[in-house]
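Worksheet: one structure, shown below.
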Amino acid sequence: MFSSQEEFKEAYLKKLEMTSGKAFPDTTLQDRYDTLGQLIREYISMNWIQTNEQYRYQKQKQVYYLSIEFLLGRLLRQNLMNLGIYELVEEGLGDLGIDLKDMEDVEQDAALGNGGLGRLAACFLDSMASMDLPGHGYGIRYKHGLFEQKIVNGYQMELPEQWLRHGYVWEVRKPDLMMQIPFWGRIESSEKDGVTSFRHVDAEIVAAVPYDLPVVGYGTTTVNTLRLWNAEPYAYKAGRDMMKYKRDTEAITEFLYPDDTQDEGKVLRLKQQYFLVSASIRTILESYLSRHGDLTNLHEHVAIHINDTHPVLAIPEMMRVLIDEYGMDWDSAWGVTTKTFAYTNHTTLSEALERWLVRIFQPLLPRIYMIIDEINERFCRDLWDAYPGEWGRIEGMAIIAHGEVKMAHLAIAGSHSVNGVAKIHTNILKEREMNLFYQYFPGKFNSKTNGITHRRWLLNSNPPLASLIQSAIGDAWIKDPSRLSELESFTADSAFLENLHKAKQLNKKRLADRILQTNGIVVDPDSIFDIQIKRLHAYKRQLLNILHILHLFNRCQENPDADIPSRTFIFGAKASPGYYYAKKIIKLIHSVADLVNDHPAVKGRIKVVFLENYRVSLAEEIIPAADVSQQISTASKEASGTGNMKFMMNGALTLGTLDGANIEIQEQVGDENIFIFGLRAEEVMKQQQDGSYYSMEYYHHDERIKKMLDQLIDGSLPDAGDHFETIYDSLLAENDEFFVLRDFDSYAKAHERVASAYRDQESWLRMSLINIARSGYFSSDRTIAEYAREIWRIGGVGLR
Ligand code: GPW
């Protein structure tokens with residue numbers, strides 16, 4: 001292929017002219033990007049084929065990660081870095097007068113996910129490939145990923161996202177591996193030799209066509225596969241409307257549902273879920289049978305992971321295939337199935353727990369419904385034996401109850417492992433949300449604290465810091481992130497700290513330039529960059545942040561000479577299109593920004609910036625520039641968080657509640673290197689239960705709170721209209737479900753501690769370095785090693 005810069009240049013030029021049909025000088029950036037992508041994909045394909053051959057002949061246990069979301073972001077840089085040819089390509093292109101950075105910016109993010117859950121799946125793929133684990137992803141090839149956000153006058157507008165507009169160079173369509181997926185229709189049963197068998201008739205068939213993406217490991221020849229399914233028309237029934245059939249079929253993979261932690265309950269979503277799992281499960285079984293003969297040992301050779309309950313129908317689908325297609329008896333099929341599946345829960349918010357109305361479910365998936373019904377019957381019988389007469393308990397655990405299918409109950413009953421995503425989250429599951437199941441199946445429950453790939457989130461996105469780290473401790477940390485701890489020996493090295501400062505300032509300057517370009521706001525790179533980027537949700541409390549900014553503004557007005565350090569508050573957040581409250585918060589952030597940014601009393605000490613269309617590639621620019629990472633969810637509500645880990649790894653200090661993985665960050669860095677505030681989870685849960693919190697008291701007894709809440713509705717804010725009355729009411733009339741007012745004082749004090757800590761630059765830099773040095777634990781390599789050893793039970797993985 002190519003092994004030197006010269007060979008690369010030659011191959012590239014030739015391919016560029018051949019595929020574009022233009023002379024080199026006439027080619028567009030898009031042509032140049034496409035050609036580069038194609039060339040790299042071909043470069044990858046040798047190892048890809050070899051990896052697959054190896055998996056086939058060495059018969060290693062395979063892991064399949066089923067997820068309705070994979071939030072990949074861009075792949076060009078990651079692939080070049082992981083292949084170890086970034087510099088070669090950069091220099092080769094440089095000779096041709098092409099800037100590789102420009103090529104990287106041509107690539108559209110693959111935004112096939114909403115937030116943390118989808119990005120976690122993408123980080124896991126990187127870790128599995130980089131650790132030479134046979135782990136593959138199965139997902140959906142949405143034609144439109146997460147909507148593109150435009151801000152007009154402070155309001156969020158949504159545009160359909162168009163990542164496939166110019167084609168997608170990383171994918172390979174495999175039409176010969178198409179699967180047929182049946183929906184609707186009826187089940188006919190017949191008896192033969194005392195055995196009943198079932199046939200799905202009069203179904204509407206949809207074709208699932210796979211598109212494979214290579215998942216390139218870092219510094220290894222392993223190339224795993226992410227298989228994304230596309231829905232296409234197959235055959236429509238005589239007498240049905242052909243056009244309607246085509247539209248209904250293509251609709252299945254048209255859009256990613258834009259709701260984060262919200263159960264949707266629409267039949268199209270259920271179709272997506274079954275479409276994904278049916279195509280995947282049958283492919284997995286076929287591939288298994290081509291390697292091994294006997295289905296009864298399936299679990300020794302295959303582990304299937306379901307990312308939240310969205311793919312949980314994989315469990316009854318596996319039962320269906322084993323029984324209806326391979327003639328296995330129920331008990332054997334159930335034994336194999338439950339030993340094969342593992343399930344991760346990502347939230348305790350009840351509004352996110354999926355439930356399907358039987359009357360919606362049953363007509364669409366008649367055979368799957370029958371199987372779930374049978375699973376439920378048997379499960380309830382077992383429960384009756386364990387808890388005779390305890391109707392209430394059994395009702396609370398049933399898989400089908402009150403006309404609904406409870407997806408989480410199915411997931412727990414049908415898996416051998418149930419894990420939460422941080423210690424506190426797993427404990428809340430065990431003690432509260434899933435307590436009845438924990439009592440019955442104590443051995444299934446375990447905790448796996450989330451992680452992030454330090455390769456994308458430090459090595460690739462923060463070159464100044466990565467090269468500083470490399471100059472200090474070499475590059476062993478890239479394969480073994482625990483070795484970041486070697487940086488601790490530099491905490492007293494003032495020259496090193498000075499360089500750390502320089503790296504941060506470089507990143508801040510770069511972000512300041514972007515902010516000027518996109519928002520027209522001048523921000524000072526010497527101010528504290530205080531950042532909150534994540535989906536917009538009431539429980540994540542962007543409201544607490546913006547109200548506190550309003551309070552800082554009030555202080556400036558009351559006392560123009562108040563000793564307030566310069567701060568730049570940066571937000572990035574998408575609100576689900578139907579989540580009106582969240583959209584009001586976005587408007588509020590813009591309104592406060594308009595009030596504050598050029599106000600004479602502020603004297604430039606506070607800037608508020610909302611960066612539109614927050615996404616993976618934007619996060620990669622923002623995070624390296626952060627001084628302060630805001631992780632301020634109401635304690636008990638954020639299962640883990642993963643943005644918190646990315647900031648820590650890039651040297652930002654966390655300002656956060658004792659929630660999710662913040663607690664484990666605190667355990668790593670110690671109280672002195674983090675800013676913690678607010679109620680603890682037990683306090684929140686207790687006050688929720690006993691109803692002892694009255695937000696109105698805080699309004700009446702804290703002048704700061706009264707003032708800023710009144711400002712929401714008295715015309716103090718620019719272009720407020722009556723938008724903020726809803727927010728005002730949520731805090732007072734509705735008693736402030738997320739304890740914003742309750743935590744305000746503690747939050748304001750934590751900000752004071754941040755401000756005074758930042759004054760001592762040397763000590764701040766030391767704290768920052770300790771955060772980086774102790775972030776290795778939060779690499780997804782550690783998380784994946786734990787999954788591999790303790791859940792998937794695949795050998796040869798050392799826990800580092
Ligand atoms: F509701 N998470 C997410 F649990 O990004 F399914 N989307 C979701 O739909 C859900 C959870 C679900 C997030 C959690 O909110 C976050 O705390 C966690 O770090 C992340 O999943 C990865 O585990």
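Ligands are numbered from 1 in the order shown, residues from 1 within each chain, and chains are lettered A, B, ... in the order they appear in the structure tokens.
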
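Around ligand 1, the neighbouring residues within 6 Å, taking only C-alpha atoms and all ligand atoms, come to Gly115, Gly116, Leu117, Leu120, Asp260, Thr261, Asp308, His346, Thr347, Ala352, Val421, Glu638, Ala639, Ser640, Gly641 and Thr642 of chain A.
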
Restricted to C-alpha atoms, what would the selected residues look like written as an mmCIF file, in the first residue's frame?
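Result file follows (part-v1.cif):
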data_model
loop_
_atom_site.group_PDB
_atom_site.id
_atom_site.type_symbol
_atom_site.label_atom_id
_atom_site.label_comp_id
_atom_site.auth_asym_id
_atom_site.auth_seq_id
_atom_site.Cartn_x
_atom_site.Cartn_y
_atom_site.Cartn_z
ATOM 1 C CA GLY A 115 -25.193 12.029 24.790
ATOM 2 C CA GLY A 116 -23.397 9.984 27.429
ATOM 3 C CA LEU A 117 -24.956 6.630 26.650
ATOM 4 C CA LEU A 120 -19.865 5.514 26.110
ATOM 5 C CA ASP A 260 -32.256 11.662 26.211
ATOM 6 C CA THR A 261 -33.438 9.889 29.384
ATOM 7 C CA ASP A 308 -29.698 -0.039 28.590
ATOM 8 C CA HIS A 346 -27.824 3.967 32.934
ATOM 9 C CA THR A 347 -30.392 5.798 35.027
ATOM 10 C CA ALA A 352 -36.557 6.897 31.389
ATOM 11 C CA VAL A 421 -22.344 2.790 35.799
ATOM 12 C CA GLU A 638 -26.805 11.633 37.360
ATOM 13 C CA ALA A 639 -26.003 7.945 37.099
ATOM 14 C CA SER A 640 -22.342 8.567 36.341
ATOM 15 C CA GLY A 641 -21.504 11.343 33.925
ATOM 16 C CA THR A 642 -18.543 10.962 31.588
#

Determine, using only C-alpha atoms, which residues of segment 438-526 of chain A have any atom at most 12 Å from an atom of segment 69-82 of chain A, and tabulate each with its shortest atom pair and distance in Å to one decimal place, rows ordered by chain and then rising number, as JSON lines.
{"residue": "A:Thr453", "atom": "CA", "partner": "A:Gln78", "partner_atom": "CA", "distance": 11.0}
{"residue": "A:His454", "atom": "CA", "partner": "A:Gln78", "partner_atom": "CA", "distance": 11.5}
{"residue": "A:Arg455", "atom": "CA", "partner": "A:Gln78", "partner_atom": "CA", "distance": 8.2}
{"residue": "A:Arg456", "atom": "CA", "partner": "A:Gln78", "partner_atom": "CA", "distance": 6.8}
{"residue": "A:Trp457", "atom": "CA", "partner": "A:Gln78", "partner_atom": "CA", "distance": 10.4}
{"residue": "A:Leu458", "atom": "CA", "partner": "A:Gln78", "partner_atom": "CA", "distance": 11.6}
{"residue": "A:Leu459", "atom": "CA", "partner": "A:Met81", "partner_atom": "CA", "distance": 8.9}
{"residue": "A:Asn460", "atom": "CA", "partner": "A:Gln78", "partner_atom": "CA", "distance": 7.0}
{"residue": "A:Ser461", "atom": "CA", "partner": "A:Arg77", "partner_atom": "CA", "distance": 9.4}
{"residue": "A:Pro463", "atom": "CA", "partner": "A:Met81", "partner_atom": "CA", "distance": 11.8}
{"residue": "A:Ile478", "atom": "CA", "partner": "A:Asn82", "partner_atom": "CA", "distance": 10.4}
{"residue": "A:Lys479", "atom": "CA", "partner": "A:Asn82", "partner_atom": "CA", "distance": 10.9}

Q | DSSP-assigned alpha helix (DSSP H) members of segment 203-381 of chain A, reported as a VMD selection string | A | chain A and resid 242 to 251 267 to 291 298 to 301 314 to 320 330 to 340 358 to 364 366 to 381

Task: Surrounding residues of segment 549-557 of chain A excluding itself and chain neighbours under 3 positions, 12 Å, only C-alpha atoms, as number ranges by chain - done: A: 530, 542-546, 560-570, 588-609, 702-712, 716-717, 744-745, 747-749, 751-752

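Of the listed residues (A:Ser756, A:Thr225, A:Ser332, A:Ser417), A:Ser332 comes nearest to Asn297 of chain A; the distances count only C-alpha atoms.
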
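Proximity ranking of A:Ala11, A:Met685, A:Leu270, A:Ala492 relative to Glu42 of chain A places A:Ala11 first, based on only C-alpha atoms.
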
From the list A:Ser780, A:Glu286, A:Asn153, A:Ala314, which residue is nearest Ala720 of chain A when using only C-alpha atoms?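 Of the candidates, the smallest distance to Ala720 of chain A is held by A:Asn153.
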
Between A:Leu285, A:Leu133, A:Ala422, A:Met370, smallest distance to Asn224 of chain A by only C-alpha atoms belongs to A:Leu133

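Between Tyr539 of chain A and the candidates A:Phe739, A:Tyr699, A:Phe610, A:Trp391, the tightest atom-to-atom separation, counting only C-alpha atoms, involves A:Phe739.
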
| query | How many Å separate atom CA of Thr344 of chain A from atom CA of Lys448 of chain A? | reply |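 Separation of atom CA of Thr344 of chain A and atom CA of Lys448 of chain A: 8.9 Å.
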
Between A:Arg56, A:Trp170, A:Ile586, A:Leu618, smallest distance to Leu289 of chain A by only C-alpha atoms belongs to A:Arg56

*Select from segment 575-715 of chain A everything DSSP, run on the backbone, classes as strand (DSSP E), then give the selection as a list in words.*
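Output for segment 575-715 of chain A, strand (DSSP E) only: Ile606, Lys607, Val608, Val609, Phe610, Val628, Ser629, Gln630, Gln631, Leu653, Thr654, Leu655, Gly656, Phe675 and Ile676 of chain A.
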
Okay, now the selection with N, CA and C atoms, as a compact mmCIF listing (two decimals), in the first residue's frame?
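File part24.txt, as written:
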# COMPACT_ATOMS: atom_id res chain seq x y z
N ILE A 606 -17.38 39.48 33.58
CA ILE A 606 -18.19 38.27 33.37
C ILE A 606 -18.59 38.23 31.90
N LYS A 607 -18.33 37.11 31.28
CA LYS A 607 -18.83 36.89 29.92
C LYS A 607 -19.61 35.59 29.94
N VAL A 608 -20.70 35.59 29.23
CA VAL A 608 -21.52 34.38 29.11
C VAL A 608 -21.62 34.01 27.64
N VAL A 609 -21.22 32.78 27.34
CA VAL A 609 -21.16 32.35 25.95
C VAL A 609 -21.94 31.05 25.79
N PHE A 610 -22.85 31.03 24.84
CA PHE A 610 -23.53 29.78 24.51
C PHE A 610 -23.04 29.34 23.13
N VAL A 628 -12.50 25.20 34.78
CA VAL A 628 -13.48 24.67 35.73
C VAL A 628 -14.51 23.84 34.99
N SER A 629 -14.79 22.67 35.53
CA SER A 629 -15.74 21.73 34.95
C SER A 629 -16.98 21.68 35.84
N GLN A 630 -18.09 22.14 35.32
CA GLN A 630 -19.31 22.17 36.14
C GLN A 630 -20.09 20.86 36.00
N GLN A 631 -20.23 20.16 37.13
CA GLN A 631 -20.91 18.86 37.18
C GLN A 631 -21.88 18.92 38.34
N LEU A 653 -10.52 21.60 36.95
CA LEU A 653 -10.94 21.22 38.30
C LEU A 653 -12.46 21.15 38.33
N THR A 654 -12.95 20.15 39.02
CA THR A 654 -14.40 19.91 39.05
C THR A 654 -15.06 20.76 40.12
N LEU A 655 -16.13 21.44 39.72
CA LEU A 655 -17.03 22.09 40.67
C LEU A 655 -18.29 21.25 40.60
N GLY A 656 -18.54 20.47 41.64
CA GLY A 656 -19.64 19.51 41.48
C GLY A 656 -20.28 19.04 42.76
N PHE A 675 -13.91 20.90 44.03
CA PHE A 675 -14.81 21.82 44.75
C PHE A 675 -16.18 21.18 44.83
N ILE A 676 -16.50 20.67 46.01
CA ILE A 676 -17.75 19.94 46.21
C ILE A 676 -18.75 20.83 46.96

(message) Can you pull out the residues contacting Gln761 of chain A? Cut-off 12 Å, using only C-alpha atoms, and skip same-chain residues under 6 positions away; I want them as a PyMOL selection string.
(response) chain A and resi 494+497-498+500-501+526+528+627+754-755+767-768

- Fewer than 6 positions away in the same chain doesn't count, so skip those; otherwise give me all residues within 12 Å of Leu298 of chain A, counting only C-alpha atoms, as a VMD selection string. chain A and resid 59 to 63 284 to 289 291 to 292 304 318 322 332 to 341

Dump of C-alpha atoms for the selected residues, as a PDB file, in the first residue's frame:
ATOM      1  CA  LYS A  59     -12.608 -19.547  17.836  1.00  0.00           C
ATOM      2  CA  GLN A  60     -12.119 -16.945  20.530  1.00  0.00           C
ATOM      3  CA  LYS A  61     -15.092 -15.862  22.584  1.00  0.00           C
ATOM      4  CA  GLN A  62     -16.733 -12.920  20.834  1.00  0.00           C
ATOM      5  CA  VAL A  63     -18.395  -9.967  22.520  1.00  0.00           C
ATOM      6  CA  ILE A 284     -24.560 -13.572  15.686  1.00  0.00           C
ATOM      7  CA  LEU A 285     -26.076 -17.054  15.800  1.00  0.00           C
ATOM      8  CA  GLU A 286     -25.294 -17.786  12.170  1.00  0.00           C
ATOM      9  CA  SER A 287     -21.722 -16.703  12.618  1.00  0.00           C
ATOM     10  CA  TYR A 288     -21.451 -18.796  15.769  1.00  0.00           C
ATOM     11  CA  LEU A 289     -22.791 -21.878  14.011  1.00  0.00           C
ATOM     12  CA  ARG A 291     -17.517 -21.688  13.867  1.00  0.00           C
ATOM     13  CA  HIS A 292     -18.977 -24.165  16.357  1.00  0.00           C
ATOM     14  CA  ILE A 304     -23.965 -10.221  24.266  1.00  0.00           C
ATOM     15  CA  MET A 318     -32.775 -15.236  20.968  1.00  0.00           C
ATOM     16  CA  LEU A 322     -33.379 -21.079  19.402  1.00  0.00           C
ATOM     17  CA  SER A 332     -32.345 -25.288  27.426  1.00  0.00           C
ATOM     18  CA  ALA A 333     -32.974 -22.152  25.417  1.00  0.00           C
ATOM     19  CA  TRP A 334     -33.585 -20.120  28.573  1.00  0.00           C
ATOM     20  CA  GLY A 335     -30.446 -21.530  30.180  1.00  0.00           C
ATOM     21  CA  VAL A 336     -28.265 -20.575  27.222  1.00  0.00           C
ATOM     22  CA  THR A 337     -29.907 -17.197  26.736  1.00  0.00           C
ATOM     23  CA  THR A 338     -29.592 -16.008  30.321  1.00  0.00           C
ATOM     24  CA  LYS A 339     -25.963 -17.111  30.436  1.00  0.00           C
ATOM     25  CA  THR A 340     -25.210 -15.150  27.252  1.00  0.00           C
ATOM     26  CA  PHE A 341     -26.751 -11.774  28.046  1.00  0.00           C
TER      27      PHE A 341
END

| message | I'd like the contact shell of Lys150 of chain A - 7 Å cut-off, only C-alpha atoms, skipping same-chain residues fewer than 4 positions apart - returned as a ChimeraX atom specification. | response | /A:156-158,612-613

Write to file, as a PDB file, in the first residue's frame, the residues of the selection just made, with N, CA and C atoms.
ATOM      1  N   GLN A 156     -33.797  27.891  20.472  1.00  0.00           N
ATOM      2  CA  GLN A 156     -33.257  26.745  19.742  1.00  0.00           C
ATOM      3  C   GLN A 156     -34.144  26.396  18.548  1.00  0.00           C
ATOM      4  N   MET A 157     -33.521  26.244  17.390  1.00  0.00           N
ATOM      5  CA  MET A 157     -34.203  25.705  16.211  1.00  0.00           C
ATOM      6  C   MET A 157     -33.528  24.392  15.875  1.00  0.00           C
ATOM      7  N   GLU A 158     -34.290  23.452  15.337  1.00  0.00           N
ATOM      8  CA  GLU A 158     -33.703  22.170  14.955  1.00  0.00           C
ATOM      9  C   GLU A 158     -33.746  21.982  13.448  1.00  0.00           C
ATOM     10  N   GLU A 612     -23.370  27.153  19.978  1.00  0.00           N
ATOM     11  CA  GLU A 612     -24.477  26.391  19.409  1.00  0.00           C
ATOM     12  C   GLU A 612     -23.997  25.068  18.821  1.00  0.00           C
ATOM     13  N   ASN A 613     -24.957  24.177  18.673  1.00  0.00           N
ATOM     14  CA  ASN A 613     -24.738  22.865  18.066  1.00  0.00           C
ATOM     15  C   ASN A 613     -23.623  22.065  18.751  1.00  0.00           C
TER      16      ASN A 613
END

Problem - Atomic distance atom CA of Arg199 of chain A - atom CA of Arg186 of chain A, expressed in Å with one decimal - result: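 Computing the Euclidean distance for atom CA of Arg199 of chain A and atom CA of Arg186 of chain A yields 8.2 Å.
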